[in-house]
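Asks: Okay, here's the structure, questions in a sec.
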Amino acid sequence: MFKVLNLLDPLLVLSAALMGVTLYLIFQWVPTELNQGAVQRILYFHVPVAWGSMLGIFVVSGSSFMYLWKKNEKWDRLAVASAEVGVVFGGLMLLTGMIWARPVWAVWWTGEAKLTTALILFFIYVAYLMFRAYFPPGGQRQRLAAIIGVIGAIDTPIIYFAANLWSQAHPPIVTGPAADAESTLGSDLGMVLLASTLAFTFIFIYLVQTRYKIRKSEDDLVELKRTSTSSSMPAGAN
Amino acid sequence: MVSQATQLAVKAEVVVKNFGATSVLHDLNLELPIGEITVLMGTNGAGKSTLLRILATLTQVDSGTVSIFGADIATNGPAVRALTGSVLHSPMLYADMSVRENLMFFADMYRLENVDDLIAQTTVMVGIEPRIDDRVRTLSHGFQKRVALARALMHDPQLLLLDEPESGLDSQSVDRLDRILDEYRSSGRTVVMTTHIVEHALELADRAVVLFDGRVGFNSENPQRDREAIQEIYSANRISISSLESQPQ
Amino acid sequence: MKGSLAIIWAIGRKDLLLEIRNKEVVVSVAGFALLVLVIFTFAIDLNQGNAKLVGPGVLWAGIAFAGVTGLNRAFALEVENSTLEALMLAPISRDLIYLGKALGNFLFIAVAQIIVIPLFAVLFNLIVFRWEMLAIALLTTLGFSAVGTLFAAMSVRVRAREVMLPLLFLPVVTPLLMAAVESTSHMVNGRSWSDMAQWLQLAVAFDVAFIVVSAFIFQHILED
């Protein structure tokens, strides 16, 4: 037996501590970027959650493939756990990106290749989760969900290539005050980003692990229900 | 060992099948020899139809192995399906094509030759030749069932799987079905069927397999002799299940 | 291999025969796409510059949305009388069923386009009767039917499958849609093959990848 929320989970303690350090670095330690102003600090959240959502997609694809190959439940649990966490991170990435882009690029959204790719992938993995929610439970649902995961992975390079070609044909409108200026922060920026990315990576792993455990106990519950209903019947007739 | 394995039409070992929280089959073991008519019996939800669907390769087992004429169905799908003919719950016909068009299409799917002669013979056998050019949509349920039987017999399968074939048939058609099944058995082929008419099944069958609680509860090699025992199990199951349901949780 | 091609063709021909009798898929796809085009002629002031600018996008968005309804319909047909199970009972490997159904869908969407594209030319006053258009339409339709057949087969057992199919289908075919719109846009602006070469190559890569992967993966979809 395990407790779902264990406040002394080493991973949780570690990510909380790292997050504290990161917050200090972002809001106290690192100086304000001169061209963009305070809004630049959003980058320290945006880049790590973007990294987390990519990690999520990567894990979904990998474990979907493994599920189709090995048919082991644990790969399905890992896929659904990282899809859910990855979609949350992806939503945060899109949101923080837009908040940052409005003052800096003077637009909320633009047809830049990475943005387009991120948005389409976000939709594919939202569809993945909706499919899981709508499909009747059982082995077939897991198999079909894994197929969507694999197809998303195959589609990713094609989407990126197309988005790249597209943004070459339609150069993104980036007219903000400081769009082309060099950063005034130098190596400080990289340092804070590194700390923040580490903190978010640990949170990502912690959340996926927790979701995985919940999924596992859901499966155990189903198993328990199944054995209890069949054993409550009288034994065979001979 | 090998020769013994090839004597069996169907061999199922520790088959498990769950649908979500419901366990349909668990640890089912079954061996059916070649050349017999076997009737699968059991209450609703005992797993008869699921077992037939597994034998027809439409449903995958969660664990365990099933082989038909010695070939594992998980790895020899197409080869096993070539030896098997199935009539399941639904007639599985294209409503807007005629009987002939349906049969010709499925003959293509089975890569059959001399299709015209074959269709002529089979439709006479099941008694649908007067309506061969009518659209399936216009046929009664009983007629559609007969067309489905024709589709299942066309490629001359060694193993015939029938899920309640009498439903929707009048007594004449049931007699015709019995003659077809008799002929089948006498030419050394195998039939596995379910039925809701227990009496009729016991007269016809060489073997009765009663499924209970996802397993084989009773395997009788002489259904006529074991008639009373089988019916007792039947009624006992009914009682035990209904009393179970009425118990407060 | 000869046997396999005969099976694929038999499934496609059967779909075509049913379609000739019901006219459900082609009429609904063409009708829906035409309505999209007509609504846009009111929504946008179509002077010559605008038509060239938005026309290709409107055309392919219309065909994509209309295609989804057709794909849904084409697979629902196999499920209504459980005939998909009869196909699964036949001693053929599952990839042939996939390829046969994809062939049927390809033919339906292609026929719908034969109706829609000339009317697009009329409504938007653009010249589309060129070899480029044929190549673009063929490549796009191939990709649509490859991905659409796979997802339609997956969505048949879903509650609210009318919603599920577009949610799965549209994001995945976005690269193909971009390729179709951009190449058509080059074409109506009178540019040459070489300008659209990269987009056509992308469409070919997409089609090849998804036909191969779908045929391979289809066996996992059918059994329950």
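Residues in the structure tokens are named by chain (A, B, ... in the order shown) and by number from 1 within that chain; ligands are numbered from 1 in the order shown.
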Going by DSSP on the backbone, which residues of chain B come out as strand (DSSP E or B)? List them as an mmCIF file with C-alpha atoms, in the first residue's frame.

Replies:
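Final output, saved to out_18.cif:
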```cif
data_model
loop_
_atom_site.group_PDB
_atom_site.id
_atom_site.type_symbol
_atom_site.label_atom_id
_atom_site.label_comp_id
_atom_site.auth_asym_id
_atom_site.auth_seq_id
_atom_site.Cartn_x
_atom_site.Cartn_y
_atom_site.Cartn_z
ATOM 1 C CA LEU B 8 -8.375 -31.965 -31.909
ATOM 2 C CA ALA B 9 -10.519 -29.456 -33.738
ATOM 3 C CA VAL B 10 -10.374 -26.977 -30.872
ATOM 4 C CA LYS B 11 -7.975 -26.773 -27.990
ATOM 5 C CA ALA B 12 -8.195 -23.946 -25.463
ATOM 6 C CA GLU B 13 -5.766 -23.702 -22.565
ATOM 7 C CA VAL B 14 -6.210 -21.448 -19.528
ATOM 8 C CA VAL B 15 -8.058 -18.826 -21.537
ATOM 9 C CA VAL B 16 -8.799 -15.562 -19.729
ATOM 10 C CA LYS B 17 -11.003 -12.801 -21.104
ATOM 11 C CA ASN B 18 -12.125 -9.726 -19.184
ATOM 12 C CA PHE B 19 -14.203 -6.780 -20.270
ATOM 13 C CA THR B 22 -16.312 -8.033 -15.677
ATOM 14 C CA SER B 23 -14.588 -11.363 -15.941
ATOM 15 C CA VAL B 24 -16.128 -13.353 -18.798
ATOM 16 C CA LEU B 25 -13.795 -16.321 -19.079
ATOM 17 C CA HIS B 26 -11.169 -17.297 -16.594
ATOM 18 C CA ASP B 27 -8.857 -20.272 -16.838
ATOM 19 C CA LEU B 28 -11.081 -21.990 -19.357
ATOM 20 C CA ASN B 29 -9.743 -25.295 -20.683
ATOM 21 C CA LEU B 30 -11.502 -27.115 -23.470
ATOM 22 C CA GLU B 31 -10.669 -29.837 -25.982
ATOM 23 C CA LEU B 32 -13.050 -30.720 -28.799
ATOM 24 C CA PRO B 33 -12.276 -33.661 -31.114
ATOM 25 C CA ILE B 37 -21.259 -31.474 -32.991
ATOM 26 C CA THR B 38 -20.683 -29.657 -29.734
ATOM 27 C CA VAL B 39 -23.332 -27.522 -28.081
ATOM 28 C CA LEU B 40 -22.147 -24.799 -25.749
ATOM 29 C CA MET B 41 -24.632 -24.188 -22.979
ATOM 30 C CA SER B 63 -4.076 -14.656 -21.760
ATOM 31 C CA GLY B 64 -3.967 -18.366 -22.551
ATOM 32 C CA THR B 65 -3.739 -20.062 -25.936
ATOM 33 C CA VAL B 66 -6.314 -21.318 -28.394
ATOM 34 C CA SER B 67 -5.507 -23.577 -31.315
ATOM 35 C CA ILE B 68 -7.738 -24.817 -34.094
ATOM 36 C CA ALA B 71 -2.632 -24.082 -35.304
ATOM 37 C CA ASP B 72 -2.365 -21.289 -32.741
ATOM 38 C CA THR B 84 -13.615 -21.807 -40.209
ATOM 39 C CA GLY B 85 -17.128 -20.681 -41.128
ATOM 40 C CA SER B 86 -19.140 -18.590 -38.698
ATOM 41 C CA VAL B 87 -22.708 -17.416 -38.262
ATOM 42 C CA SER B 98 -28.571 -8.573 -53.452
ATOM 43 C CA ARG B 135 -31.688 -7.007 -51.941
ATOM 44 C CA LEU B 159 -15.115 -26.069 -38.453
ATOM 45 C CA LEU B 160 -18.510 -24.411 -38.322
ATOM 46 C CA LEU B 161 -19.241 -21.916 -35.530
ATOM 47 C CA LEU B 162 -22.904 -21.068 -34.993
ATOM 48 C CA ASP B 163 -24.301 -18.660 -32.424
ATOM 49 C CA THR B 190 -16.802 -30.250 -36.732
ATOM 50 C CA VAL B 191 -19.553 -27.958 -35.470
ATOM 51 C CA VAL B 192 -19.520 -25.781 -32.366
ATOM 52 C CA MET B 193 -22.791 -24.025 -31.639
ATOM 53 C CA THR B 194 -24.786 -22.303 -28.966
ATOM 54 C CA ARG B 207 -21.194 -33.366 -26.837
ATOM 55 C CA ALA B 208 -22.595 -30.765 -24.496
ATOM 56 C CA VAL B 209 -20.308 -28.294 -22.775
ATOM 57 C CA VAL B 210 -21.883 -26.274 -19.994
ATOM 58 C CA LEU B 211 -20.065 -23.036 -19.275
ATOM 59 C CA PHE B 212 -20.352 -21.819 -15.740
ATOM 60 C CA ARG B 215 -15.098 -22.101 -16.944
ATOM 61 C CA VAL B 216 -16.245 -25.425 -18.298
ATOM 62 C CA GLY B 217 -18.682 -26.557 -15.612
ATOM 63 C CA PHE B 218 -19.665 -29.831 -17.217
ATOM 64 C CA ASN B 219 -18.397 -31.645 -20.300
ATOM 65 C CA SER B 220 -20.730 -34.435 -21.359
#
```

Asks: Pick out the residues sitting within 12 Å of Met88 (chain C), and hand them over as a VMD selection string; count only C-alpha atoms, and ignore anything fewer than 5 positions along from it in its own chain.

Replies: (chain B and resid 53 56 to 59 77 to 78 81 to 82 85 to 86 92 106 109 to 110) or (chain C and resid 78 to 79 82 to 83 93 to 98 218 to 219 221 to 224)

Asks: Generate the output file for the selected residues, N, CA and C atoms, as a short mmCIF file (atom, residue, chain, number, x, y, z; two decimals), in the first residue's frame.

Replies:
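Below is the file that was written, result-v2.cif:
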```cif
data_model
loop_
_atom_site.label_atom_id
_atom_site.label_comp_id
_atom_site.auth_asym_id
_atom_site.auth_seq_id
_atom_site.Cartn_x
_atom_site.Cartn_y
_atom_site.Cartn_z
N ARG B 53 -16.72 -16.11 -30.35
CA ARG B 53 -16.02 -14.99 -31.01
C ARG B 53 -14.51 -15.18 -30.93
N ALA B 56 -13.62 -17.66 -33.51
CA ALA B 56 -13.73 -17.07 -34.84
C ALA B 56 -12.65 -16.02 -35.09
N THR B 57 -11.74 -15.81 -34.12
CA THR B 57 -10.64 -14.83 -34.17
C THR B 57 -11.14 -13.39 -34.22
N LEU B 58 -12.37 -13.15 -33.76
CA LEU B 58 -12.84 -11.76 -33.70
C LEU B 58 -12.46 -11.09 -32.40
N THR B 59 -12.29 -11.86 -31.36
CA THR B 59 -11.95 -11.32 -30.05
C THR B 59 -10.62 -11.93 -29.61
N GLY B 77 -3.76 -16.45 -37.94
CA GLY B 77 -5.09 -15.91 -38.20
C GLY B 77 -5.68 -16.28 -39.54
N PRO B 78 -5.10 -15.82 -40.65
CA PRO B 78 -5.71 -16.09 -41.96
C PRO B 78 -5.87 -17.57 -42.25
N ARG B 81 -8.76 -18.90 -40.24
CA ARG B 81 -10.05 -18.39 -40.72
C ARG B 81 -10.47 -19.08 -42.02
N ALA B 82 -9.51 -19.55 -42.80
CA ALA B 82 -9.84 -20.25 -44.03
C ALA B 82 -10.53 -21.58 -43.74
N GLY B 85 -15.99 -21.45 -40.65
CA GLY B 85 -17.13 -20.68 -41.13
C GLY B 85 -17.98 -20.29 -39.93
N SER B 86 -18.44 -19.05 -39.89
CA SER B 86 -19.14 -18.59 -38.70
C SER B 86 -20.45 -17.91 -39.04
N MET B 92 -24.58 -10.05 -40.70
CA MET B 92 -23.36 -9.51 -41.30
C MET B 92 -23.43 -9.49 -42.82
N PHE B 106 -18.21 -12.05 -50.87
CA PHE B 106 -17.49 -12.84 -49.86
C PHE B 106 -16.72 -13.99 -50.51
N MET B 109 -13.52 -12.58 -51.13
CA MET B 109 -12.74 -12.44 -49.89
C MET B 109 -12.09 -13.77 -49.51
N TYR B 110 -12.75 -14.91 -49.85
CA TYR B 110 -12.21 -16.22 -49.53
C TYR B 110 -11.40 -16.79 -50.69
N GLU C 78 -20.11 0.10 -42.49
CA GLU C 78 -19.61 -1.26 -42.23
C GLU C 78 -20.02 -1.74 -40.84
N VAL C 79 -20.34 -0.79 -39.96
CA VAL C 79 -20.61 -1.19 -38.58
C VAL C 79 -22.08 -1.47 -38.37
N SER C 82 -22.72 -4.94 -38.89
CA SER C 82 -21.58 -5.76 -38.48
C SER C 82 -20.82 -6.37 -39.65
N THR C 83 -20.91 -5.76 -40.83
CA THR C 83 -20.22 -6.37 -41.97
C THR C 83 -18.71 -6.28 -41.82
N SER C 93 -5.33 -10.96 -44.54
CA SER C 93 -4.72 -10.21 -43.45
C SER C 93 -5.38 -8.84 -43.36
N ARG C 94 -5.32 -8.26 -42.16
CA ARG C 94 -6.09 -7.05 -41.87
C ARG C 94 -5.65 -5.86 -42.72
N ASP C 95 -4.39 -5.84 -43.13
CA ASP C 95 -3.93 -4.68 -43.90
C ASP C 95 -4.66 -4.60 -45.24
N LEU C 96 -5.11 -5.74 -45.78
CA LEU C 96 -5.87 -5.70 -47.03
C LEU C 96 -7.23 -5.04 -46.80
N ILE C 97 -7.84 -5.30 -45.63
CA ILE C 97 -9.11 -4.63 -45.32
C ILE C 97 -8.88 -3.13 -45.27
N TYR C 98 -7.79 -2.73 -44.60
CA TYR C 98 -7.48 -1.30 -44.51
C TYR C 98 -7.30 -0.70 -45.90
N PHE C 218 -2.99 -1.39 -38.64
CA PHE C 218 -4.45 -1.59 -38.69
C PHE C 218 -4.89 -2.85 -37.95
N GLN C 219 -4.07 -3.89 -37.98
CA GLN C 219 -4.44 -5.15 -37.32
C GLN C 219 -4.70 -4.95 -35.83
N ILE C 221 -6.23 -2.49 -34.56
CA ILE C 221 -7.43 -1.70 -34.34
C ILE C 221 -8.67 -2.58 -34.27
N LEU C 222 -8.70 -3.64 -35.07
CA LEU C 222 -9.97 -4.33 -35.26
C LEU C 222 -10.39 -5.23 -34.10
N GLU C 223 -9.49 -6.04 -33.55
CA GLU C 223 -9.90 -6.99 -32.51
C GLU C 223 -10.32 -6.27 -31.24
N ASP C 224 -11.26 -6.85 -30.52
CA ASP C 224 -11.57 -6.27 -29.22
C ASP C 224 -11.23 -7.26 -28.11
#
```

Asks: Can you tell me which residues surround Leu18 (chain A) at a distance of at most 10 Å, considering only C-alpha atoms, apart from same-chain residues fewer than 4 positions away, and format the answer as a tab-separated table (two decimals) with C-alpha atoms, in the first residue's frame?

Replies:
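Result file is selection25.tsv:
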```tsv
chain	number	residue	atom	x	y	z
A	12	LEU	CA	8.47	16.38	-3.83
A	13	VAL	CA	10.81	17.82	-1.18
A	14	LEU	CA	13.58	18.17	-3.74
A	22	THR	CA	14.48	29.25	-8.60
A	23	LEU	CA	11.92	31.79	-7.43
A	24	TYR	CA	14.61	33.60	-5.48
A	195	ALA	CA	18.01	26.08	-12.24
A	196	SER	CA	14.42	26.64	-13.30
A	197	THR	CA	14.50	23.85	-15.88
A	198	LEU	CA	15.86	21.46	-13.27
A	199	ALA	CA	13.10	22.41	-10.83
A	200	PHE	CA	10.38	21.92	-13.43
A	202	PHE	CA	11.66	17.27	-11.03
A	203	ILE	CA	8.07	18.51	-10.71
```

Asks: Compile a residue-level contact table for chain C against chain A at a cut-off of 6 Å, reporting for every qualifying residue the shortest atom pair and its distance in Å to one decimal, with only C-alpha atoms counted, rows ordered by chain and ascending number, as a Markdown table.

Replies:
```
| residue | atom | partner | partner_atom | distance |
| --- | --- | --- | --- | --- |
| C:Val158 | CA | A:Phe135 | CA | 4.9 |
| C:Arg159 | CA | A:Tyr134 | CA | 5.8 |
| C:Leu167 | CA | A:Ala127 | CA | 5.8 |
| C:Leu168 | CA | A:Ala127 | CA | 5.7 |
| C:Pro171 | CA | A:Ile120 | CA | 5.7 |
| C:Pro175 | CA | A:Ile159 | CA | 5.3 |
| C:Asp224 | CA | A:Gln140 | CA | 5.4 |
```

Asks: As an exercise, work out the distance from CA of Glu164 (chain B) to CA of Asp96 (chain B) in Å and give it to one decimal place.

Replies: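 CA of Asp96 (chain B) lies 24.8 Å from CA of Glu164 (chain B).
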
Asks: Would you mind reading off the distance between CA of Asn114 (chain B) and CA of Leu83 (chain B), one decimal, in Å?

Replies: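 We find that CA of Asn114 (chain B) and CA of Leu83 (chain B) lie 18.5 Å from each other.
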
Asks: So that I can see what lies close to Leu194 (chain A), please list as a list in words the residues with an atom at most 9 Å from it, counting only C-alpha atoms and leaving out residues fewer than 5 positions away in the same chain.

Replies: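 After dropping sequence-adjacent residues, the list is Tyr44, Pro48, Leu189 and Ala199 of chain A.
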
Asks: For N, CA and C atoms, I'd like the residues from the last selection saved as a PDB file, in the first residue's frame.

Replies:
```pdb
ATOM      1  N   TYR A  44      11.741  32.535 -17.801  1.00  0.00           N
ATOM      2  CA  TYR A  44      12.272  31.533 -16.878  1.00  0.00           C
ATOM      3  C   TYR A  44      11.220  30.485 -16.519  1.00  0.00           C
ATOM      4  N   PRO A  48      11.170  26.292 -19.266  1.00  0.00           N
ATOM      5  CA  PRO A  48      11.052  24.997 -18.584  1.00  0.00           C
ATOM      6  C   PRO A  48       9.729  24.274 -18.836  1.00  0.00           C
ATOM      7  N   LEU A 189      21.463  34.733 -17.436  1.00  0.00           N
ATOM      8  CA  LEU A 189      20.234  34.177 -17.990  1.00  0.00           C
ATOM      9  C   LEU A 189      20.306  32.660 -18.051  1.00  0.00           C
ATOM     10  N   ALA A 199      14.221  22.448 -11.762  1.00  0.00           N
ATOM     11  CA  ALA A 199      13.097  22.414 -10.829  1.00  0.00           C
ATOM     12  C   ALA A 199      11.851  21.874 -11.518  1.00  0.00           C
TER      13      ALA A 199
END
```

Asks: By how many Å are CA of Ser187 (chain A) and CA of Val30 (chain A) apart?

Replies: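 Straight-line distance from CA of Ser187 (chain A) to CA of Val30 (chain A) works out to 10.5 Å.
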
Asks: Which one of C:Trp60, C:Phe120, C:Trp9, C:Phe216 sits closest to Ala137 (chain C) if you count only C-alpha atoms?

Replies: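 Result for the nearest residue to Ala137 (chain C): C:Trp60.
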
Asks: Report as a list in words all protein, DNA and RNA residues lying within 9 Å of Val27 (chain C), evaluated on only C-alpha atoms, omitting residues in the same chain fewer than 5 positions from it.

Replies: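 Contacts, with the query itself left out: Phe32, Gly70 and Ala112 of chain C.
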
Asks: Restricting it to N, CA and C atoms, dump the selection as a PDB file, in the first residue's frame.

Replies:
```pdb
ATOM      1  N   PHE C  32     -21.463  19.555 -48.700  1.00  0.00           N
ATOM      2  CA  PHE C  32     -20.899  20.285 -47.575  1.00  0.00           C
ATOM      3  C   PHE C  32     -19.786  21.228 -48.055  1.00  0.00           C
ATOM      4  N   GLY C  70     -17.732  12.569 -44.638  1.00  0.00           N
ATOM      5  CA  GLY C  70     -17.790  11.416 -45.529  1.00  0.00           C
ATOM      6  C   GLY C  70     -17.097  10.202 -44.946  1.00  0.00           C
ATOM      7  N   ALA C 112     -15.969  13.570 -55.231  1.00  0.00           N
ATOM      8  CA  ALA C 112     -16.529  14.810 -54.676  1.00  0.00           C
ATOM      9  C   ALA C 112     -15.735  16.015 -55.177  1.00  0.00           C
TER      10      ALA C 112
END
```

Asks: Give me, as JSON, numbers by chain, the residues of chain C touching chain B, with the criterion being at most 8 Å (counting only C-alpha atoms).

Replies: {"C": [3, 7, 10, 11, 14, 18, 21, 81, 82, 83, 84, 85, 86, 87, 88, 89, 90, 91, 92, 93, 223, 224]}

Asks: What parts of region 64-240 of chain B does DSSP call alpha helix (DSSP H)? I'd like the answer as a ChimeraX atom specification.

Replies: /B:77-83,99-109,115-126,141-153,171-186,198-204,227-240

Asks: Applying 8 Å and only C-alpha atoms, which residues near region 196-211 of chain C remain after dropping the ones on its own chain fewer than 4 positions away? List them as a list of chain:residue names.

Replies: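 These residues fall inside the cut-off: A:Ile158, A:Ala162, C:Ile136, C:Leu139, C:Thr140, C:Leu142, C:Gly143, C:Ala146, C:Val147, C:Pro175, C:Leu176, C:Ala179, C:Ala180, C:Glu182, C:Ser183, C:His186, C:Ser192, C:Ala215.
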